[in-house]
file entry-v2.txt (compact mmCIF, C-alpha atoms)
# COMPACT_ATOMS: atom_id res chain seq x y z
CA MET N 1491 56.43 20.16 -37.62
CA ASP N 1492 57.07 22.40 -40.60
CA THR N 1493 57.29 26.09 -39.87
CA PHE N 1494 57.17 28.85 -42.43
CA ILE N 1495 57.68 32.57 -42.38
CA ALA N 1496 55.25 35.45 -42.56
CA PRO N 1497 54.71 37.01 -46.00
CA GLN N 1498 55.83 40.43 -44.78
CA GLN N 1499 59.17 38.99 -43.62
CA LEU N 1500 59.78 37.48 -47.05
CA VAL N 1501 59.04 40.75 -48.80
CA SER N 1502 61.09 42.77 -46.34
CA ASN N 1503 64.12 40.48 -46.92
CA LEU N 1504 63.72 40.61 -50.70
CA LYS N 1505 63.58 44.40 -50.55
CA TRP N 1506 66.69 44.44 -48.35
CA ARG N 1507 68.60 42.59 -51.08
CA TYR N 1508 70.41 44.53 -53.80
CA ALA N 1509 73.34 43.90 -56.12
CA THR N 1510 76.15 44.71 -53.71
CA LYS N 1511 79.13 46.25 -55.47
CA LYS N 1512 81.24 47.07 -52.43
CA PHE N 1513 81.76 44.41 -49.81
CA ASP N 1514 83.43 44.61 -46.43
CA PRO N 1515 86.55 42.51 -47.09
CA THR N 1516 87.06 41.85 -43.38
CA ARG N 1517 83.75 40.03 -42.91
CA LYS N 1518 83.56 36.33 -43.69
CA ILE N 1519 80.30 34.40 -43.80
CA PRO N 1520 80.20 32.22 -40.63
CA SER N 1521 80.28 28.46 -41.30
CA PRO N 1522 76.71 27.58 -40.26
CA ILE N 1523 75.37 30.26 -42.58
CA TRP N 1524 77.64 29.30 -45.46
CA GLU N 1525 76.65 25.66 -45.06
CA ALA N 1526 72.99 26.60 -45.45
CA LEU N 1527 73.84 28.57 -48.60
CA GLU N 1528 75.77 25.60 -49.91
CA ASP N 1529 72.67 23.50 -49.22
CA SER N 1530 70.59 26.01 -51.19
CA LEU N 1531 72.80 25.23 -54.19
CA VAL N 1532 72.70 21.46 -53.70
CA LEU N 1533 68.92 21.49 -53.16
CA ALA N 1534 68.12 23.75 -56.11
CA PRO N 1535 65.38 22.42 -58.41
CA SER N 1536 66.21 21.43 -61.98
CA SER N 1537 64.37 19.84 -64.86
CA PHE N 1538 64.08 16.05 -64.35
CA GLY N 1539 66.06 16.72 -61.15
CA LEU N 1540 69.13 16.13 -63.32
CA GLN N 1541 71.34 18.86 -61.82
CA PRO N 1542 73.40 19.48 -64.99
CA TRP N 1543 75.73 21.72 -63.01
CA HIS N 1544 78.61 22.19 -60.63
CA PHE N 1545 79.36 24.99 -58.18
CA PHE N 1546 82.99 26.03 -57.74
CA VAL N 1547 83.53 28.03 -54.57
CA ILE N 1548 86.61 30.21 -54.11
CA GLU N 1549 87.56 31.80 -50.84
CA ASP N 1550 91.26 32.13 -51.65
CA VAL N 1551 92.09 35.78 -52.34
CA ASP N 1552 95.14 35.07 -54.49
CA LEU N 1553 93.14 32.97 -56.91
CA ARG N 1554 90.44 35.62 -56.99
CA GLN N 1555 93.08 38.27 -57.76
CA GLN N 1556 94.01 36.21 -60.81
CA LEU N 1557 90.39 36.22 -61.92
CA LEU N 1558 89.90 39.96 -61.32
CA PRO N 1559 91.22 41.18 -64.71
CA HIS N 1560 88.85 38.69 -66.37
CA SER N 1561 85.94 40.13 -64.37
CA PHE N 1562 86.20 43.66 -65.79
CA ASN N 1563 88.08 44.50 -62.59
CA GLN N 1564 84.92 44.42 -60.51
CA THR N 1565 86.46 44.33 -57.07
CA GLN N 1566 83.60 42.44 -55.43
CA VAL N 1567 85.17 39.32 -56.97
CA VAL N 1568 88.04 39.72 -54.51
CA GLU N 1569 86.40 41.58 -51.62
CA ALA N 1570 83.33 39.45 -51.01
CA SER N 1571 83.57 36.56 -48.57
CA HIS N 1572 82.87 33.84 -51.16
CA LEU N 1573 82.93 33.66 -54.95
CA VAL N 1574 80.71 31.03 -56.54
CA VAL N 1575 81.33 30.07 -60.15
CA PHE N 1576 78.19 28.48 -61.57
CA ALA N 1577 79.17 25.94 -64.20
CA ILE N 1578 77.31 23.59 -66.51
CA LYS N 1579 78.17 20.01 -67.36
CA ILE N 1580 79.66 19.85 -70.85
CA ASN N 1581 79.06 16.85 -73.11
CA LEU N 1582 76.03 15.85 -71.10
CA ASP N 1583 75.45 12.24 -72.06
CA THR N 1584 73.62 9.09 -71.04
CA ASP N 1585 76.47 8.24 -68.62
CA TYR N 1586 75.44 11.29 -66.63
CA ALA N 1587 71.86 10.07 -66.70
CA ASP N 1588 73.09 6.69 -65.45
CA ARG N 1589 74.92 8.33 -62.55
CA TYR N 1590 71.73 10.16 -61.67
CA LEU N 1591 69.61 7.00 -61.90
CA GLN N 1592 72.09 5.17 -59.69
CA ARG N 1593 71.90 7.97 -57.17
CA MET N 1594 68.12 7.88 -57.32
CA ALA N 1595 68.06 4.14 -56.68
CA GLU N 1596 70.40 4.64 -53.74
CA VAL N 1597 68.58 7.59 -52.15
CA GLN N 1598 65.09 6.21 -52.70
CA GLY N 1599 66.03 2.63 -51.88
CA VAL N 1600 64.53 1.18 -55.06
CA PRO N 1601 66.11 -1.31 -57.48
CA LEU N 1602 67.60 0.30 -60.60
CA GLU N 1603 65.29 -1.80 -62.80
CA LYS N 1604 62.26 -0.01 -61.38
CA LEU N 1605 63.60 3.27 -62.78
CA ALA N 1606 63.91 1.97 -66.34
CA GLY N 1607 60.84 3.83 -67.65
CA PHE N 1608 62.00 7.17 -66.31
CA GLY N 1609 65.57 6.36 -67.34
CA ASN N 1610 64.62 5.68 -70.94
CA MET N 1611 62.66 8.90 -71.15
CA LEU N 1612 65.58 10.83 -69.70
CA LYS N 1613 68.10 9.21 -72.03
CA GLY N 1614 65.84 9.80 -75.01
CA PHE N 1615 65.79 13.48 -74.10
CA ILE N 1616 69.57 13.60 -73.82
CA GLU N 1617 70.15 11.72 -77.07
CA ASN N 1618 67.62 13.73 -79.07
CA PRO N 1619 67.24 16.99 -77.22
CA PRO N 1620 64.55 19.28 -78.63
CA PHE N 1621 66.95 22.22 -78.08
CA ASP N 1622 70.60 22.93 -77.37
CA LEU N 1623 71.51 21.01 -74.21
CA GLU N 1624 74.06 23.56 -73.02
CA VAL N 1625 71.54 26.38 -73.26
CA TRP N 1626 69.11 24.17 -71.39
CA ALA N 1627 71.67 23.37 -68.70
CA THR N 1628 72.49 27.06 -68.38
CA LYS N 1629 68.84 27.89 -67.77
CA GLN N 1630 68.68 25.26 -65.02
CA THR N 1631 71.77 26.81 -63.47
CA TYR N 1632 70.04 30.18 -63.34
CA ILE N 1633 67.34 28.57 -61.18
CA ALA N 1634 70.12 27.66 -58.73
CA LEU N 1635 71.42 31.23 -58.97
CA GLY N 1636 67.95 32.56 -58.15
CA GLN N 1637 67.53 30.17 -55.24
CA PHE N 1638 71.00 31.07 -53.92
CA MET N 1639 70.36 34.82 -53.96
CA THR N 1640 66.92 34.46 -52.38
CA ALA N 1641 68.32 32.14 -49.72
CA ALA N 1642 71.10 34.62 -48.98
CA ALA N 1643 68.59 37.45 -48.61
CA MET N 1644 66.66 35.35 -46.08
CA LEU N 1645 69.86 34.87 -44.06
CA GLY N 1646 71.05 38.47 -44.23
CA VAL N 1647 73.89 37.71 -46.61
CA ASP N 1648 74.60 40.13 -49.43
CA THR N 1649 75.17 38.94 -52.97
CA CYS N 1650 75.99 40.23 -56.41
CA PRO N 1651 75.20 38.14 -59.49
CA MET N 1652 77.71 38.72 -62.28
CA GLU N 1653 77.51 38.01 -65.99
CA GLY N 1654 80.35 40.47 -66.59
CA PHE N 1655 83.32 38.13 -66.79
CA ILE N 1656 85.22 36.20 -69.46
CA PRO N 1657 84.04 32.60 -69.17
CA ALA N 1658 86.86 31.27 -71.38
CA LYS N 1659 89.45 32.82 -69.06
CA TYR N 1660 87.73 31.52 -65.94
CA ASP N 1661 87.54 28.08 -67.51
CA GLU N 1662 91.23 28.19 -68.35
CA ILE N 1663 92.42 29.41 -64.95
CA LEU N 1664 90.17 27.10 -62.97
CA GLN N 1665 90.67 24.21 -65.42
CA LEU N 1666 86.95 23.66 -65.64
CA PRO N 1667 86.76 21.85 -69.03
CA GLN N 1668 89.24 19.24 -67.76
CA ARG N 1669 86.80 18.65 -64.92
CA GLY N 1670 83.89 18.36 -67.36
CA TYR N 1671 82.34 21.80 -66.89
CA ARG N 1672 82.30 25.36 -68.17
CA SER N 1673 81.41 28.54 -66.32
CA VAL N 1674 78.19 30.38 -67.15
CA VAL N 1675 77.57 32.93 -64.40
CA LEU N 1676 79.06 34.10 -61.10
CA CYS N 1677 77.69 35.17 -57.75
CA VAL N 1678 79.65 36.65 -54.89
CA ALA N 1679 78.38 36.56 -51.31
CA GLY N 1680 79.39 38.34 -48.14
CA TYR N 1681 78.52 41.56 -46.35
CA ARG N 1682 78.05 45.04 -47.75
CA ALA N 1683 80.63 47.69 -46.88
CA ALA N 1684 79.27 50.34 -44.53
CA ASP N 1685 79.86 52.97 -47.23
CA ASP N 1686 78.40 51.13 -50.24
CA LYS N 1687 76.36 53.87 -51.86
CA ASN N 1688 74.28 51.36 -53.80
CA ALA N 1689 72.73 50.19 -50.55
CA LEU N 1690 70.94 53.52 -50.24
CA ARG N 1691 69.66 53.82 -53.81
CA PRO N 1692 65.99 52.84 -54.06
CA LYS N 1693 65.43 49.56 -55.89
CA VAL N 1694 64.14 50.16 -59.41
CA ARG N 1695 61.38 47.88 -60.59
CA PHE N 1696 58.70 48.47 -63.18
CA ALA N 1697 55.27 49.15 -61.72
CA LYS N 1698 53.41 45.91 -61.04
CA PRO N 1699 50.92 46.28 -63.94
CA ASP N 1700 53.87 46.56 -66.33
CA VAL N 1701 55.23 43.12 -65.40
CA VAL N 1702 52.29 41.18 -63.96
CA THR N 1703 49.06 40.56 -65.86
CA TYR N 1704 46.09 38.51 -64.67
CA LEU N 1705 44.37 36.55 -67.40
CA PRO N 1706 41.77 36.36 -68.77
CA MET J 1091 65.40 46.76 -37.98
CA ASP J 1092 66.13 44.00 -40.46
CA THR J 1093 65.41 40.50 -39.25
CA PHE J 1094 66.59 37.34 -40.90
CA ILE J 1095 65.93 33.67 -40.43
CA ALA J 1096 68.05 30.91 -38.94
CA PRO J 1097 70.06 28.77 -41.38
CA GLN J 1098 68.34 25.59 -40.22
CA GLN J 1099 64.93 27.06 -41.02
CA LEU J 1100 66.04 27.89 -44.55
CA VAL J 1101 67.35 24.39 -45.13
CA SER J 1102 64.31 22.77 -43.59
CA ASN J 1103 62.01 24.77 -45.89
CA LEU J 1104 64.11 23.97 -48.97
CA LYS J 1105 63.99 20.28 -48.09
CA TRP J 1106 60.23 20.50 -47.63
CA ARG J 1107 59.90 21.75 -51.20
CA TYR J 1108 59.46 19.26 -54.06
CA ALA J 1109 57.98 19.30 -57.54
CA THR J 1110 54.34 18.83 -56.61
CA LYS J 1111 52.43 16.85 -59.24
CA LYS J 1112 49.13 16.51 -57.44
CA PHE J 1113 47.57 19.58 -55.89
CA ASP J 1114 44.51 19.94 -53.70
CA PRO J 1115 42.16 21.73 -56.13
CA THR J 1116 40.01 23.03 -53.26
CA ARG J 1117 42.81 25.05 -51.66
CA LYS J 1118 43.50 28.57 -52.91
CA ILE J 1119 46.53 30.57 -51.83
CA PRO J 1120 45.25 33.30 -49.45
CA SER J 1121 45.64 36.87 -50.74
CA PRO J 1122 48.37 38.09 -48.35
CA ILE J 1123 50.51 35.08 -49.25
CA TRP J 1124 49.89 35.39 -52.97
CA GLU J 1125 50.73 39.09 -52.83
CA ALA J 1126 54.11 38.28 -51.30
CA LEU J 1127 54.73 35.72 -54.06
CA GLU J 1128 53.78 38.31 -56.65
CA ASP J 1129 56.29 40.65 -54.99
CA SER J 1130 58.94 37.91 -55.26
CA LEU J 1131 58.41 38.03 -59.03
CA VAL J 1132 58.44 41.81 -59.26
CA LEU J 1133 61.53 42.07 -57.03
CA ALA J 1134 63.52 39.33 -58.80
CA PRO J 1135 67.07 40.35 -59.74
CA SER J 1136 68.03 40.63 -63.41
CA SER J 1137 71.07 41.74 -65.35
CA PHE J 1138 71.27 45.58 -65.45
CA GLY J 1139 68.01 45.39 -63.49
CA LEU J 1140 66.32 45.45 -66.90
CA GLN J 1141 63.54 42.94 -66.14
CA PRO J 1142 63.16 41.66 -69.72
CA TRP J 1143 60.07 39.72 -68.68
CA HIS J 1144 56.40 39.55 -67.87
CA PHE J 1145 54.47 37.24 -65.58
CA PHE J 1146 51.01 36.12 -66.69
CA VAL J 1147 48.96 34.73 -63.83
CA ILE J 1148 45.94 32.54 -64.47
CA GLU J 1149 43.49 31.51 -61.79
CA ASP J 1150 40.58 30.88 -64.14
CA VAL J 1151 39.99 27.14 -64.45
CA ASP J 1152 38.34 27.29 -67.88
CA LEU J 1153 41.33 29.01 -69.42
CA ARG J 1154 43.63 26.51 -67.75
CA GLN J 1155 41.53 23.64 -69.16
CA GLN J 1156 42.21 25.07 -72.61
CA LEU J 1157 45.94 25.01 -71.89
CA LEU J 1158 45.92 21.47 -70.46
CA PRO J 1159 46.27 19.58 -73.78
CA HIS J 1160 49.26 21.83 -74.58
CA SER J 1161 50.84 20.93 -71.24
CA PHE J 1162 51.10 17.19 -71.94
CA ASN J 1163 47.93 16.85 -69.88
CA GLN J 1164 49.75 17.46 -66.62
CA THR J 1165 46.78 18.11 -64.36
CA GLN J 1166 48.63 20.39 -61.97
CA VAL J 1167 48.11 23.11 -64.61
CA VAL J 1168 44.42 23.04 -63.73
CA GLU J 1169 44.44 21.81 -60.13
CA ALA J 1170 46.97 24.16 -58.55
CA SER J 1171 45.76 27.43 -57.10
CA HIS J 1172 47.70 29.67 -59.51
CA LEU J 1173 49.41 29.14 -62.86
CA VAL J 1174 52.24 31.54 -63.69
CA VAL J 1175 53.41 31.79 -67.27
CA PHE J 1176 56.92 33.24 -67.33
CA ALA J 1177 57.40 35.20 -70.55
CA ILE J 1178 60.22 37.17 -72.11
CA LYS J 1179 60.01 40.50 -73.91
CA ILE J 1180 60.32 39.95 -77.64
CA ASN J 1181 62.04 42.51 -79.87
CA LEU J 1182 63.83 43.98 -76.90
CA ASP J 1183 64.96 47.38 -78.13
CA THR J 1184 66.25 50.73 -76.96
CA ASP J 1185 62.67 51.88 -76.35
CA TYR J 1186 62.49 49.29 -73.59
CA ALA J 1187 65.75 50.66 -72.19
CA ASP J 1188 64.25 54.14 -72.31
CA ARG J 1189 61.20 52.99 -70.37
CA TYR J 1190 63.53 51.50 -67.79
CA LEU J 1191 65.65 54.66 -67.57
CA GLN J 1192 62.53 56.73 -67.16
CA ARG J 1193 61.38 54.47 -64.36
CA MET J 1194 64.80 54.69 -62.74
CA ALA J 1195 64.73 58.50 -62.85
CA GLU J 1196 61.26 58.44 -61.31
CA VAL J 1197 62.01 55.92 -58.53
CA GLN J 1198 65.40 57.32 -57.62
CA GLY J 1199 64.37 60.94 -58.02
CA VAL J 1200 67.24 61.85 -60.35
CA PRO J 1201 67.07 63.79 -63.63
CA LEU J 1202 67.14 61.56 -66.73
CA GLU J 1203 70.31 63.33 -67.95
CA LYS J 1204 72.25 61.96 -64.98
CA LEU J 1205 71.55 58.44 -66.22
CA ALA J 1206 73.00 59.04 -69.69
CA GLY J 1207 76.23 57.10 -69.08
CA PHE J 1208 74.43 54.02 -67.82
CA GLY J 1209 71.79 54.47 -70.52
CA ASN J 1210 74.33 54.54 -73.32
CA MET J 1211 76.02 51.42 -72.01
CA LEU J 1212 72.67 49.66 -71.75
CA LYS J 1213 71.59 50.69 -75.23
CA GLY J 1214 74.95 49.68 -76.66
CA PHE J 1215 74.41 46.23 -75.16
CA ILE J 1216 70.92 45.99 -76.66
CA GLU J 1217 72.01 47.21 -80.09
CA ASN J 1218 75.08 45.00 -80.28
CA PRO J 1219 74.41 42.14 -77.91
CA PRO J 1220 77.34 39.74 -77.46
CA PHE J 1221 74.82 36.86 -77.56
CA ASP J 1222 71.23 36.14 -78.51
CA LEU J 1223 69.05 38.57 -76.56
CA GLU J 1224 66.13 36.16 -76.25
CA VAL J 1225 68.34 33.45 -74.77
CA TRP J 1226 69.73 36.07 -72.42
CA ALA J 1227 66.23 37.25 -71.43
CA THR J 1228 65.20 33.64 -70.84
CA LYS J 1229 68.10 33.10 -68.46
CA GLN J 1230 67.08 36.20 -66.49
CA THR J 1231 63.57 34.81 -66.31
CA TYR J 1232 64.87 31.61 -64.75
CA ILE J 1233 66.33 33.71 -61.93
CA ALA J 1234 62.79 34.93 -61.28
CA LEU J 1235 61.59 31.32 -61.43
CA GLY J 1236 64.21 30.32 -58.86
CA GLN J 1237 63.33 33.21 -56.58
CA PHE J 1238 59.61 32.42 -56.89
CA MET J 1239 60.02 28.75 -55.94
CA THR J 1240 62.33 29.55 -53.04
CA ALA J 1241 59.98 32.25 -51.80
CA ALA J 1242 57.06 29.83 -52.02
CA ALA J 1243 58.98 27.24 -49.99
CA MET J 1244 59.60 29.83 -47.29
CA LEU J 1245 55.87 30.55 -47.13
CA GLY J 1246 54.73 26.93 -47.16
CA VAL J 1247 53.35 27.10 -50.69
CA ASP J 1248 53.92 24.16 -53.03
CA THR J 1249 55.12 24.68 -56.56
CA CYS J 1250 55.92 22.74 -59.70
CA PRO J 1251 58.16 24.26 -62.37
CA MET J 1252 57.21 23.08 -65.86
CA GLU J 1253 59.14 23.10 -69.11
CA GLY J 1254 56.78 20.44 -70.48
CA PHE J 1255 54.36 22.57 -72.47
CA ILE J 1256 54.02 23.89 -76.01
CA PRO J 1257 55.10 27.53 -75.88
CA ALA J 1258 53.67 28.31 -79.34
CA LYS J 1259 50.23 27.09 -78.25
CA TYR J 1260 50.37 29.01 -74.99
CA ASP J 1261 51.42 32.12 -76.90
CA GLU J 1262 48.54 31.69 -79.32
CA ILE J 1263 45.85 31.05 -76.70
CA LEU J 1264 47.04 33.80 -74.36
CA GLN J 1265 47.87 36.16 -77.25
CA LEU J 1266 51.28 36.84 -75.82
CA PRO J 1267 53.09 38.00 -78.99
CA GLN J 1268 50.43 40.67 -79.53
CA ARG J 1269 51.31 41.88 -76.03
CA GLY J 1270 55.03 41.86 -76.86
CA TYR J 1271 56.02 38.64 -75.11
CA ARG J 1272 56.48 34.91 -75.54
CA SER J 1273 56.26 32.16 -72.94
CA VAL J 1274 59.43 30.34 -71.83
CA VAL J 1275 58.58 28.38 -68.68
CA LEU J 1276 55.67 27.76 -66.30
CA CYS J 1277 55.28 27.38 -62.58
CA VAL J 1278 52.15 26.37 -60.74
CA ALA J 1279 51.62 27.16 -57.07
CA GLY J 1280 49.18 25.94 -54.46
CA TYR J 1281 48.95 23.17 -51.91
CA ARG J 1282 49.85 19.50 -52.28
CA ALA J 1283 47.04 16.96 -52.24
CA ALA J 1284 47.04 14.84 -49.09
CA ASP J 1285 47.65 11.74 -51.21
CA ASP J 1286 50.42 13.04 -53.48
CA LYS J 1287 52.86 10.15 -53.42
CA ASN J 1288 55.72 12.35 -54.61
CA ALA J 1289 55.62 14.17 -51.29
CA LEU J 1290 56.92 11.06 -49.56
CA ARG J 1291 59.69 10.18 -52.00
CA PRO J 1292 63.11 11.24 -50.70
CA LYS J 1293 64.61 14.16 -52.61
CA VAL J 1294 67.36 12.98 -54.97
CA ARG J 1295 70.45 15.14 -55.12
CA PHE J 1296 73.99 14.19 -56.01
CA ALA J 1297 76.31 13.95 -53.03
CA LYS J 1298 77.80 17.33 -52.16
CA PRO J 1299 81.32 16.57 -53.45
CA ASP J 1300 79.80 15.70 -56.84
CA VAL J 1301 78.34 19.19 -57.29
CA VAL J 1302 80.35 21.51 -55.05
CA THR J 1303 84.13 21.92 -55.28
CA TYR J 1304 86.26 24.28 -53.26
CA LEU J 1305 89.15 25.79 -55.20
CA PRO J 1306 92.12 25.84 -55.19
call {"tool": "encode", "arguments": {"input": "entry-v2.txt", "output": "structure tokens"}}
result
Amino acid sequence: MDTFIAPQQLVSNLKWRYATKKFDPTRKIPSPIWEALEDSLVLAPSSFGLQPWHFFVIEDVDLRQQLLPHSFNQTQVVEASHLVVFAIKINLDTDYADRYLQRMAEVQGVPLEKLAGFGNMLKGFIENPPFDLEVWATKQTYIALGQFMTAAAMLGVDTCPMEGFIPAKYDEILQLPQRGYRSVVLCVAGYRAADDKNALRPKVRFAKPDVVTYLP
Amino acid sequence: MDTFIAPQQLVSNLKWRYATKKFDPTRKIPSPIWEALEDSLVLAPSSFGLQPWHFFVIEDVDLRQQLLPHSFNQTQVVEASHLVVFAIKINLDTDYADRYLQRMAEVQGVPLEKLAGFGNMLKGFIENPPFDLEVWATKQTYIALGQFMTAAAMLGVDTCPMEGFIPAKYDEILQLPQRGYRSVVLCVAGYRAADDKNALRPKVRFAKPDVVTYLP
């Protein structure tokens, strides 16, 4: 039986969330909670279901210290429990589509031949994309980022999304291009420090009518 | 007192979610649930908190019929309870930053002068962006899309994200540029039809080690 949550709980958790700048470095995310957050990454929706991404997770403090100067010295990179580097697949090609089709055949228990129609459409898109494929992959990755932060808020885990870092340096230190990826955005997760002043500042959002319009 | 959910509930709800192609056209999302979903849009995180977006919500079936041919005739555009058009602010300029700073002063109860440092940084970014501002705004909007779909899954509401539409036609019909925006992605929300075959197909995700790597 599927169970869902009450609307007021959702809203209360989303209001609880904020971009945490100061984490309690002594608090690690317990395994069962981290595993659910990892699942939120794996289960994130993407166009065609293609998952043109990879998530690099760093708990090691020494490695994070190395990344700190390339993160505008934002200490949450080191002090949070987990650092997630969201990366996109580079040189996305029909081989990647084939891997996905194979996986689909396996998971859904259907012969690969039955997926030919979908496969041809997917490969046509990859071979003649109507827009830059890396920009497209990056946008998909931001869906995963959104899902991850929302999931964390539901579980009482603090996060801070970060575009303020030098992707080329991250790629170099973590050897991402050699693995077939490049970094596009970061998110740290953990628990707010008791004295993080940002926790007390009211969340600033435009008034509803300034961002939501009902048409016609 | 903040309350959070159990990790297994999160994962169960995320697994329940899928890209719903066939909705039950007779089922509308009840107001208290829709209001929470609207809040999930308004509360979505964005870089600098700038919210370079607008969400156009369409319940009217006639208007959605007009959009259908520009959505590759995907009937969920008409049959779902709500259609959300995610749009970005065009010509993002320092005036927009000023509106945001004004809102910040108002919400946080601080004099505008105290925000000058942050304001100058923000305006410097807008005046000399290190990348295309519309691409950047689109990525932020995909965070909101991710948060919206995750929120819906928590509430038992089905969704389908859609990149398959003609943004120029949507913009024209909905007169978005005149309002200062352009459409970048869609998401419909409602309730799956009892006979939607996609609901029964197992979710296809790469195996964890193919998308998550722990470093070093």
call {"tool": "closest_atom_pairs", "arguments": {"input": "entry-v2.txt", "of": "chain J", "to": "chain N", "cutoff": "7 Å", "atoms": "all atoms listed in the file", "output": "tab-separated table"}}
result
residue	atom	partner	partner_atom	distance
J:Phe1094	CA	N:Leu1645	CA	5.2
J:Ile1095	CA	N:Leu1645	CA	5.5
J:Ala1096	CA	N:Leu1645	CA	6.7
J:Pro1097	CA	N:Ala1526	CA	5.5
J:Val1101	CA	N:Ala1526	CA	6.1
J:Leu1104	CA	N:Leu1533	CA	6.8
J:Pro1122	CA	N:Pro1497	CA	6.8
J:Ile1123	CA	N:Pro1497	CA	5.7
J:Ala1126	CA	N:Pro1497	CA	5.5
J:Asp1129	CA	N:Val1501	CA	6.8
J:Val1132	CA	N:Lys1698	CA	6.7
J:Leu1133	CA	N:Arg1695	CA	6.8
J:Trp1143	CA	N:Val1701	CA	6.8
J:His1144	CA	N:Val1701	CA	4.5
J:Phe1145	CA	N:Val1702	CA	4.8
J:Phe1146	CA	N:Thr1703	CA	4.9
J:Val1147	CA	N:Tyr1704	CA	4.8
J:Ile1148	CA	N:Leu1705	CA	5.2
J:Arg1193	CA	N:Phe1696	CA	6.7
J:Met1194	CA	N:Val1694	CA	5.7
J:Val1197	CA	N:Val1694	CA	6.2
J:Gln1198	CA	N:Pro1692	CA	5.8
J:Lys1229	CA	N:Lys1629	CA	5.3
J:Tyr1232	CA	N:Ile1633	CA	5.3
J:Ile1233	CA	N:Gly1636	CA	4.3
J:Ala1234	CA	N:Gly1636	CA	6.5
J:Leu1235	CA	N:Ile1633	CA	6.4
J:Gly1236	CA	N:Ile1633	CA	4.3
J:Gln1237	CA	N:Gly1636	CA	4.9
J:Thr1240	CA	N:Gln1637	CA	5.7
J:Met1244	CA	N:Phe1494	CA	5.5
J:Leu1245	CA	N:Phe1494	CA	5.2
J:Gly1246	CA	N:Phe1494	CA	5.7
J:Arg1291	CA	N:Gln1598	CA	6.7
J:Pro1292	CA	N:Gln1598	CA	5.8
J:Val1294	CA	N:Met1594	CA	5.7
J:Arg1295	CA	N:Leu1533	CA	6.8
J:Phe1296	CA	N:Arg1593	CA	6.7
J:Lys1298	CA	N:Val1532	CA	6.7
J:Val1301	CA	N:His1544	CA	4.5
J:Val1302	CA	N:Phe1545	CA	4.8
J:Thr1303	CA	N:Phe1546	CA	4.9
J:Tyr1304	CA	N:Val1547	CA	4.8
J:Leu1305	CA	N:Ile1548	CA	5.2
call {"tool": "atom_distance", "arguments": {"input": "entry-v2.txt", "atom1": "atom CA of J:Tyr1186", "atom2": "atom CA of J:Phe1215"}}
result
12.4 Å
call {"tool": "closest_residue", "arguments": {"input": "entry-v2.txt", "among": "J:Leu1223, J:Ala1284, J:Ala1279, J:Ile1216", "to": "J:Glu1169", "atoms": "only C-alpha atoms"}}
result
J:Ala1279
call {"tool": "atom_distance", "arguments": {"input": "entry-v2.txt", "atom1": "atom CA of N:Ile1519", "atom2": "atom CA of N:Ala1570"}}
result
9.3 Å
call {"tool": "closest_residue", "arguments": {"input": "entry-v2.txt", "among": "J:Lys1213, J:Leu1266, J:Tyr1260, J:Val1200", "to": "J:Gln1155", "atoms": "only C-alpha atoms"}}
result
J:Tyr1260
call {"tool": "closest_residue", "arguments": {"input": "entry-v2.txt", "among": "J:Ala1258, J:Val1151, J:Leu1212, J:Val1167", "to": "J:Lys1111", "atoms": "all atoms listed in the file"}}
result
J:Val1167
call {"tool": "atom_distance", "arguments": {"input": "entry-v2.txt", "atom1": "atom CA of J:Val1275", "atom2": "atom CA of N:Ala1627"}}
result
14.0 Å
